[in-house]
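To keep things clear, I will list the structure first and then write my remarks on it.
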Amino acid sequence: MFTRRGLVAGLAGAPLLIVGLLTAAPRAARADAAPPPRSPLAVGTGGAVASVDPDASRIGVEVLREGGNAADAAIAAAAALGVTEPYSSGVGGGGYLVYREARTGRVVTIDGREIAPASFTPTVFTGASGAPLDFATVVSSGLSVGAPGTPALWDLATRRLGTWPLGRLLAPAEKLARDGFVVDPTFAAQSAANADRFRRFPATAALFLPGGAPPAVGSIFRNPDLAQTYEILRRQGVDAVYHGALGRAIVAAEAHPATAPGVTVLPGQLTLADLAAYRPVQPAPTHLRYHDLDVYGMAPSSSGGTTVGEALNLLEAYDRITRTPLATVDDAAYLHRLSEASATAFADRNRWIGSVPGVPVGGLLARGYADARACALFDPAAAHPRPLPFGDPTAARPGDSTGRSGCDRTARGTVAAVDDEGTTHLTVADRWGNVASYTLTIEQIGGSGITVPGYGFLLNNELTDFDFTPAGPGVPDPNLPGPRKRPRSSMSPTVITRGGDPWLALGSPGGATIITTVLQVLTEYTDRGRSLVDAIAAPRLSSRNGRAEDAEPAIEGGATGAALRALGHVLTANPEIGAATAVRILPAGRFEAAAETSRRGGGSALVAHPDVHPGGRG
Ligand code: GLU
């Protein structure tokens with residue numbers, strides 16, 4: 001069966017595919033142009049942008065050089081990602097922005113998550129027998145498509161946080177779409193991995209399988225339809241989506257996707273009224289203290305902020321229980337603690353987080369709650385059997401301090417772990433002290449597979465982030481589908497301040513592994529003293545409270561993996577987890593931007609004015 005994991009594993013096998021493309025397809029061997037250079041590290045002044053893509057980072061940094069702020073650069077770069085990373089982002093999707101405003105010193109957020117149609121009910125994804133519909137069937141169908149939130153987020157961020165009009169910010173991406181970009185191995189591999197699915201939708205095949213085959217590495221990929229979409233948004237604003245012709249085209253494509261002969265797919269239920277009702281929301285950020293740092297993240301509808309936050313609190317609780325700080329333990333003990341913390345936090349995430357009233361955000365982030373959970377569940381010498389039970393944070397107070405809640409041995413319930421996976425993260429900081437951490441997505445790589453004919457972008461399949469059926473018997477599930485509801489996300493854009501000053505921002509794609517990737521990169525940097533690039537490059541482990549946990553090959557096949565197995569961990573090899581970017585705001589107006597060295601072909605970290613001799617950690 002096609003599963004989320006199956007798709008991830010398929011894409012994780014990209015290097016093989018790339019070899020296949022290069023050897024089997026003469027088209028692919030022809031290099032019309034060299035792709036722009038990539039660099040995982042940049043240090044200098046004037047602001048910084050880190051993304052997975054060199055064109056997007058370049059466009060963001062040009063905005064900074066020309067006097068735009070972090071919000072301006074983030075939106076311009078995000079629009080560029082819509083061109084070069086069309087399988088992971090774009091105007092047909094949604095996302096979350098966490099933003100530290102220099103003017104007020106406060107951290108604000110924008111939730112631009114997609115919403116379900118008004119007609120959705122909790123059983124929309126079940127058949128007559130009550131069994132869940134086949135996941136893959138729903139993914140590549142109109143039924144998975146939520147009303148896009150990305151254009152509304154761009155509009156609100158521009159008006160509320162930016163200094164340039166949206167039209168000016170979209171112009172470089174429009175030019176990029178029209179002129180084209182050089183196809184790299186990742187884009188070619190992602191196209192190939194999706195080819196069968198894309199062939200089901202003629203508008204998608206016509207765009208992304210030119211001449212019937214995935215675009216060749218080194219060829220120029222142009223998207224004049226998307227250029228026209230950006231031109232429409234530039235001239236008409238985002239009303240074109242929520243109240244205009246672009247919205248009518250989205251609804252038509254979603255409600256009755258045009259398919260290849262002999263292919264039928266489930267129709268969608270979105271209406272023009274759903275688009276007109278779309279509003280981005282601005283929840284307070286999640287906040288907790290970790291060591292001497294203030295960590296800000298995304299509140300529900302994302303589970304990112306609470307889950308990363310609870311796990312950080314648990315790590316501090318483990319320090320107290322063992323009287324051995326995380327900074328001083330070896331690789332296996334570090335990963336053991338990381339795994340136990342994330343599995344515990346995922347148990348709570350799956351029980352408590354969804355777009356419902358009364359999510360106990362404060363309780364989940366209370367230190368006393370973490371102490372009680374750690375005391376009941378953590379053993380430094382053994383992995384707790386999965387799944388770990390969820391706890392009850394409803395009585396915990398945000399101010400609860402160490403030990404006050406005692407040892408919570410009442411936790412009993414368990415809820416099955418979920419796995420999900422096409423997203424991209426962008427981290428920007430400017431010279432005034434504004435910081436943008438922005439994760440955006442169309443959910444799976446290639447989204448629903450449905451391109452809006454004539455407009456050059458894919459529609460999301462975000463609604464498959466709802467639970468199709470209740471996650472556990474007899475336990476309320478806050479993430480069932482509902483009218484105009486936002487599906488639960490794992491996106492974890494994070495901004496960290498120290499002593500009130502901006503210090504670090506980071507994030508990653510990767511579905512539910514986003515949470516564990518952010519947790520690991522952060523602790524590799526803050527606790528283990530790695531450089532920012534090394535913290536990102538370090539081999540990853542992802543435990544999400546399933547029976548087995550994902551481990552990259554350097555862990556799974558090595559001595560650390562053996563040590564983890566000896567503690568009772570069940571490891572499954574995953575060739576590649578996440579694609580993080582980060583920016584460290586250094587003293588004296590300097591910045592360190594960092595990205596992946598090899599995952600997804602390596603990322604692009606840039607600063608406005610690079611040092612002649614880049615240094616490291618400041
Ligand atoms: N739809 C996922 C979420 O909101 C993100 C997908 C991905 O990162 O690949 O958590």
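To be explicit about the labels: the chains of the structure tokens are called A, B, and onward in the order shown, and within each one the residues are counted from 1, while ligands get numbers from 1 in the order they are shown.
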Selection: 6 Å around Ala311 in chain A, only C-alpha atoms, excl. self and same-chain fewer than 2 positions, as a list in words: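 Those residues are Val308, Gly309, Asn313, Leu314, Ala341, Ser342 and Ala345 of chain A.
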With C-alpha atoms kept, could you save the residues just selected as a short mmCIF file (atom, residue, chain, number, x, y, z; two decimals), in the first residue's frame?
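Saved file selection.cif follows:
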data_model
loop_
_atom_site.label_atom_id
_atom_site.label_comp_id
_atom_site.auth_asym_id
_atom_site.auth_seq_id
_atom_site.Cartn_x
_atom_site.Cartn_y
_atom_site.Cartn_z
CA VAL A 308 9.37 20.92 20.58
CA GLY A 309 8.78 22.90 23.79
CA ASN A 313 11.43 20.82 29.11
CA LEU A 314 11.76 17.05 29.38
CA ALA A 341 11.72 13.22 25.20
CA SER A 342 10.26 13.37 21.70
CA ALA A 345 5.94 14.78 23.81
#
What residues have any atom no more than 7 Å from ligand 1 when counting only C-alpha atoms and all ligand atoms, and can you list them as a list of chain:residue names?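 Selection of residues at most 7 Å from ligand 1: A:Asp420, A:Glu421, A:Gly422, A:Thr423, A:Thr424, A:Thr441, A:Ile442, A:Glu443, A:Gln444, A:Ile445, A:Glu462, A:Asp465, A:Arg488, A:Ser489, A:Ser490, A:Met491, A:Pro509, A:Gly510, A:Gly511, A:Ala512, A:Ile514.
Take the candidates A:Thr439, A:Asn223, A:Thr572, A:Thr328 and check each one against Ala77 in chain A using only C-alpha atoms; the shortest distance goes to A:Thr439.
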Which of range 104-184 of chain A end up as helix (DSSP H, G or I) when DSSP is run on this backbone - answer as a PyMOL selection string? chain A and resi 135-139+142-144+150-160+166-179
Output the selection as an mmCIF file, in the first residue's frame - N, CA and C atoms for each residue.
data_model
loop_
_atom_site.group_PDB
_atom_site.id
_atom_site.type_symbol
_atom_site.label_atom_id
_atom_site.label_comp_id
_atom_site.auth_asym_id
_atom_site.auth_seq_id
_atom_site.Cartn_x
_atom_site.Cartn_y
_atom_site.Cartn_z
ATOM 1 N N PHE A 135 -5.482 5.922 1.812
ATOM 2 C CA PHE A 135 -4.752 7.180 1.965
ATOM 3 C C PHE A 135 -4.277 7.746 0.625
ATOM 4 N N ALA A 136 -3.642 6.870 -0.190
ATOM 5 C CA ALA A 136 -3.093 7.341 -1.468
ATOM 6 C C ALA A 136 -4.191 7.838 -2.398
ATOM 7 N N THR A 137 -5.352 7.194 -2.332
ATOM 8 C CA THR A 137 -6.472 7.618 -3.174
ATOM 9 C C THR A 137 -6.911 9.029 -2.798
ATOM 10 N N VAL A 138 -6.925 9.294 -1.516
ATOM 11 C CA VAL A 138 -7.344 10.628 -1.064
ATOM 12 C C VAL A 138 -6.277 11.670 -1.398
ATOM 13 N N VAL A 139 -4.995 11.310 -1.215
ATOM 14 C CA VAL A 139 -3.911 12.277 -1.471
ATOM 15 C C VAL A 139 -4.041 12.885 -2.860
ATOM 16 N N GLY A 142 -9.253 15.654 -5.330
ATOM 17 C CA GLY A 142 -9.742 16.958 -4.906
ATOM 18 C C GLY A 142 -10.063 17.004 -3.418
ATOM 19 N N LEU A 143 -10.378 15.842 -2.849
ATOM 20 C CA LEU A 143 -10.835 15.811 -1.458
ATOM 21 C C LEU A 143 -9.744 16.195 -0.454
ATOM 22 N N SER A 144 -8.487 16.105 -0.881
ATOM 23 C CA SER A 144 -7.387 16.417 0.050
ATOM 24 C C SER A 144 -7.033 17.897 0.065
ATOM 25 N N THR A 150 -1.418 30.471 1.899
ATOM 26 C CA THR A 150 -0.153 31.182 1.634
ATOM 27 C C THR A 150 -0.358 32.596 1.083
ATOM 28 N N PRO A 151 -1.244 32.818 0.110
ATOM 29 C CA PRO A 151 -1.402 34.194 -0.364
ATOM 30 C C PRO A 151 -1.886 35.124 0.759
ATOM 31 N N ALA A 152 -2.759 34.629 1.613
ATOM 32 C CA ALA A 152 -3.274 35.469 2.707
ATOM 33 C C ALA A 152 -2.171 35.770 3.724
ATOM 34 N N LEU A 153 -1.307 34.777 3.973
ATOM 35 C CA LEU A 153 -0.192 35.025 4.896
ATOM 36 C C LEU A 153 0.734 36.098 4.321
ATOM 37 N N TRP A 154 1.050 35.972 3.027
ATOM 38 C CA TRP A 154 1.927 36.977 2.393
ATOM 39 C C TRP A 154 1.305 38.372 2.505
ATOM 40 N N ASP A 155 0.019 38.439 2.280
ATOM 41 C CA ASP A 155 -0.670 39.730 2.317
ATOM 42 C C ASP A 155 -0.621 40.325 3.730
ATOM 43 N N LEU A 156 -0.946 39.505 4.718
ATOM 44 C CA LEU A 156 -0.964 40.011 6.103
ATOM 45 C C LEU A 156 0.457 40.367 6.561
ATOM 46 N N ALA A 157 1.410 39.508 6.262
ATOM 47 C CA ALA A 157 2.799 39.759 6.688
ATOM 48 C C ALA A 157 3.318 41.040 6.040
ATOM 49 N N THR A 158 2.948 41.257 4.796
ATOM 50 C CA THR A 158 3.399 42.482 4.116
ATOM 51 C C THR A 158 2.817 43.712 4.800
ATOM 52 N N ARG A 159 1.525 43.656 5.072
ATOM 53 C CA ARG A 159 0.877 44.835 5.659
ATOM 54 C C ARG A 159 1.279 45.047 7.104
ATOM 55 N N ARG A 160 1.407 43.964 7.843
ATOM 56 C CA ARG A 160 1.644 44.073 9.277
ATOM 57 C C ARG A 160 3.130 44.201 9.618
ATOM 58 N N LEU A 166 3.436 44.175 -1.588
ATOM 59 C CA LEU A 166 3.508 42.798 -2.068
ATOM 60 C C LEU A 166 3.926 42.739 -3.535
ATOM 61 N N GLY A 167 3.408 43.678 -4.336
ATOM 62 C CA GLY A 167 3.720 43.669 -5.767
ATOM 63 C C GLY A 167 5.216 43.708 -6.022
ATOM 64 N N ARG A 168 5.920 44.526 -5.257
ATOM 65 C CA ARG A 168 7.374 44.644 -5.435
ATOM 66 C C ARG A 168 8.071 43.344 -5.013
ATOM 67 N N LEU A 169 7.522 42.703 -3.985
ATOM 68 C CA LEU A 169 8.154 41.482 -3.471
ATOM 69 C C LEU A 169 7.970 40.295 -4.414
ATOM 70 N N LEU A 170 6.905 40.321 -5.189
ATOM 71 C CA LEU A 170 6.643 39.197 -6.091
ATOM 72 C C LEU A 170 7.377 39.332 -7.427
ATOM 73 N N ALA A 171 7.866 40.544 -7.720
ATOM 74 C CA ALA A 171 8.457 40.784 -9.038
ATOM 75 C C ALA A 171 9.663 39.883 -9.349
ATOM 76 N N PRO A 172 10.606 39.692 -8.401
ATOM 77 C CA PRO A 172 11.755 38.821 -8.743
ATOM 78 C C PRO A 172 11.330 37.385 -9.027
ATOM 79 N N ALA A 173 10.349 36.860 -8.272
ATOM 80 C CA ALA A 173 9.894 35.481 -8.501
ATOM 81 C C ALA A 173 9.186 35.380 -9.848
ATOM 82 N N GLU A 174 8.445 36.410 -10.194
ATOM 83 C CA GLU A 174 7.764 36.422 -11.499
ATOM 84 C C GLU A 174 8.801 36.336 -12.627
ATOM 85 N N LYS A 175 9.886 37.082 -12.468
ATOM 86 C CA LYS A 175 10.950 37.056 -13.482
ATOM 87 C C LYS A 175 11.612 35.666 -13.522
ATOM 88 N N LEU A 176 11.832 35.093 -12.335
ATOM 89 C CA LEU A 176 12.443 33.763 -12.264
ATOM 90 C C LEU A 176 11.559 32.720 -12.956
ATOM 91 N N ALA A 177 10.253 32.814 -12.731
ATOM 92 C CA ALA A 177 9.327 31.862 -13.361
ATOM 93 C C ALA A 177 9.353 32.031 -14.882
ATOM 94 N N ARG A 178 9.454 33.267 -15.320
ATOM 95 C CA ARG A 178 9.420 33.536 -16.769
ATOM 96 C C ARG A 178 10.740 33.143 -17.439
ATOM 97 N N ASP A 179 11.873 33.526 -16.796
ATOM 98 C CA ASP A 179 13.195 33.243 -17.382
ATOM 99 C C ASP A 179 13.606 31.788 -17.198
#
Would you mind listing what lies within 9 Å of Arg540 in chain A as a list in words, with only C-alpha atoms counted and same-chain residues fewer than 4 positions away left out? Leu335, Thr516, Thr517, Gln520, Val521, Asp550, Ala551, Glu552, Pro553, Ala554, Ile555, Glu576, Ile577 and Gly578 of chain A
Selected residue of minimal separation from Asp196 in chain A among A:Ala260, A:Met298, A:Leu293, A:Ile250, counting only C-alpha atoms: A:Ala260
Of the residues A:Ala317, A:Trp352, A:Asn69, A:Ala118, which is the one nearest to Cys375 in chain A, using only C-alpha atoms?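 Closest residue, counting only C-alpha atoms: A:Ala317.
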Hey, which bits of range 424-483 of chain A sit within 9 Å of range 591-611 of chain A, and for each residue what's the closest pair of atoms and how far apart in Å (one decimal), counting only C-alpha atoms, rows by chain and increasing number, as CSV?
residue,atom,partner,partner_atom,distance
A:Thr427,CA,A:Ala593,CA,8.4
A:Val428,CA,A:Ala593,CA,8.6
A:Ala429,CA,A:Phe591,CA,8.0
A:Asp430,CA,A:Phe591,CA,8.9
A:Arg431,CA,A:Phe591,CA,8.9
Residue among A:Leu233, A:Ile353, A:Ala366, A:Leu326 lying closest to Arg528 in chain A, counting only C-alpha atoms: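 Between A:Leu233, A:Ile353, A:Ala366, A:Leu326, the residue approaching Arg528 in chain A most closely is A:Leu326.
Among the candidates A:Ala505, A:Ala193, A:Val91, A:Val182, the residue lying nearest to Val238 in chain A is A:Val91 (atoms considered: only C-alpha atoms).
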Got a sec to tell me which of range 452-531 of chain A DSSP assigns to strand (DSSP E or B), as a VMD selection string? chain A and resid 458 489 494 to 498 501 to 507
Deliver the residues from the most recent selection as a file, using all heavy atoms, as a tab-separated table (two decimals), in the first residue's frame.
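As written to disk, out.tsv reads:
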chain	number	residue	atom	x	y	z
A	458	LEU	N	0.69	23.88	-8.15
A	458	LEU	CA	0.02	22.68	-7.63
A	458	LEU	C	-0.85	23.03	-6.43
A	458	LEU	O	-0.50	23.90	-5.62
A	458	LEU	CB	1.08	21.66	-7.19
A	458	LEU	CG	1.78	20.90	-8.30
A	458	LEU	CD1	3.14	20.38	-7.82
A	458	LEU	CD2	0.91	19.74	-8.80
A	489	SER	N	-0.72	20.43	12.16
A	489	SER	CA	0.57	20.44	11.47
A	489	SER	C	1.68	20.09	12.44
A	489	SER	O	1.51	20.16	13.66
A	489	SER	CB	0.81	21.84	10.90
A	489	SER	OG	2.12	21.96	10.41
A	494	THR	N	10.92	28.34	14.43
A	494	THR	CA	11.31	28.66	15.79
A	494	THR	C	12.21	29.89	15.80
A	494	THR	O	13.08	30.04	14.94
A	494	THR	CB	12.08	27.45	16.39
A	494	THR	OG1	11.25	26.29	16.31
A	494	THR	CG2	12.47	27.69	17.84
A	495	VAL	N	11.96	30.79	16.76
A	495	VAL	CA	12.80	31.97	16.97
A	495	VAL	C	13.23	31.97	18.42
A	495	VAL	O	12.41	31.76	19.31
A	495	VAL	CB	12.04	33.27	16.63
A	495	VAL	CG1	12.85	34.50	17.07
A	495	VAL	CG2	11.73	33.36	15.14
A	496	ILE	N	14.50	32.20	18.64
A	496	ILE	CA	15.04	32.16	20.01
A	496	ILE	C	15.71	33.49	20.32
A	496	ILE	O	16.48	34.02	19.50
A	496	ILE	CB	16.05	31.01	20.13
A	496	ILE	CG1	15.32	29.68	19.87
A	496	ILE	CG2	16.70	30.99	21.52
A	496	ILE	CD1	16.23	28.49	19.73
A	497	THR	N	15.38	34.01	21.49
A	497	THR	CA	16.05	35.23	21.94
A	497	THR	C	16.84	34.92	23.21
A	497	THR	O	16.58	33.92	23.89
A	497	THR	CB	15.05	36.37	22.22
A	497	THR	OG1	14.18	35.98	23.30
A	497	THR	CG2	14.21	36.69	21.00
A	498	ARG	N	17.79	35.79	23.49
A	498	ARG	CA	18.57	35.63	24.72
A	498	ARG	C	18.73	37.02	25.32
A	498	ARG	O	19.22	37.93	24.64
A	498	ARG	CB	19.94	35.07	24.35
A	498	ARG	CG	20.78	34.71	25.54
A	498	ARG	CD	22.17	34.42	25.03
A	498	ARG	NE	22.85	33.45	25.83
A	498	ARG	CZ	24.03	32.97	25.52
A	498	ARG	NH1	24.63	33.33	24.40
A	498	ARG	NH2	24.62	32.11	26.33
A	501	ASP	N	17.37	39.81	23.22
A	501	ASP	CA	17.93	40.06	21.88
A	501	ASP	C	17.76	38.83	20.99
A	501	ASP	O	17.86	37.69	21.47
A	501	ASP	CB	19.42	40.37	21.96
A	501	ASP	CG	19.69	41.68	22.68
A	501	ASP	OD1	18.86	42.60	22.53
A	501	ASP	OD2	20.70	41.76	23.41
A	502	PRO	N	17.55	39.05	19.69
A	502	PRO	CA	17.44	37.89	18.80
A	502	PRO	C	18.74	37.09	18.80
A	502	PRO	O	19.83	37.69	18.82
A	502	PRO	CB	17.17	38.50	17.42
A	502	PRO	CG	17.51	39.93	17.52
A	502	PRO	CD	17.42	40.32	18.96
A	503	TRP	N	18.63	35.76	18.79
A	503	TRP	CA	19.82	34.92	18.95
A	503	TRP	C	19.92	33.85	17.87
A	503	TRP	O	20.95	33.69	17.25
A	503	TRP	CB	19.76	34.28	20.35
A	503	TRP	CG	21.02	33.65	20.80
A	503	TRP	CD1	22.16	34.30	21.22
A	503	TRP	CD2	21.29	32.25	20.89
A	503	TRP	NE1	23.11	33.37	21.56
A	503	TRP	CE2	22.62	32.11	21.38
A	503	TRP	CE3	20.55	31.10	20.63
A	503	TRP	CZ2	23.21	30.87	21.60
A	503	TRP	CZ3	21.14	29.85	20.84
A	503	TRP	CH2	22.45	29.75	21.33
A	504	LEU	N	18.82	33.13	17.65
A	504	LEU	CA	18.86	32.04	16.67
A	504	LEU	C	17.46	31.84	16.11
A	504	LEU	O	16.48	32.02	16.83
A	504	LEU	CB	19.31	30.74	17.37
A	504	LEU	CG	19.44	29.48	16.51
A	504	LEU	CD1	20.69	29.56	15.64
A	504	LEU	CD2	19.53	28.22	17.39
A	505	ALA	N	17.38	31.46	14.84
A	505	ALA	CA	16.10	31.04	14.26
A	505	ALA	C	16.36	29.82	13.40
A	505	ALA	O	17.43	29.70	12.78
A	505	ALA	CB	15.48	32.15	13.43
A	506	LEU	N	15.40	28.91	13.39
A	506	LEU	CA	15.60	27.68	12.62
A	506	LEU	C	14.28	27.01	12.28
A	506	LEU	O	13.23	27.38	12.83
A	506	LEU	CB	16.49	26.69	13.37
A	506	LEU	CG	15.92	25.93	14.57
A	506	LEU	CD1	16.78	24.72	14.87
A	506	LEU	CD2	15.86	26.80	15.81
A	507	GLY	N	14.35	26.01	11.40
A	507	GLY	CA	13.19	25.22	11.03
A	507	GLY	C	13.58	24.19	9.99
A	507	GLY	O	14.72	24.14	9.54
Find the distance between CA of Trp432 in chain A and CA of Ala102 in chain A and write it in Å to one decimal.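 So the two atoms, CA of Trp432 in chain A and CA of Ala102 in chain A, lie 6.3 Å apart.
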Among listed residues A:Leu388, A:Leu315, A:Gly112, A:Trp164, nearest Ala327 in chain A (using only C-alpha atoms):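 Going through A:Leu388, A:Leu315, A:Gly112, A:Trp164 one by one, the smallest distance to Ala327 in chain A is for A:Leu315.
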From CA of Gly94 in chain A to CA of Val124 in chain A the spacing works out at 21.3 Å
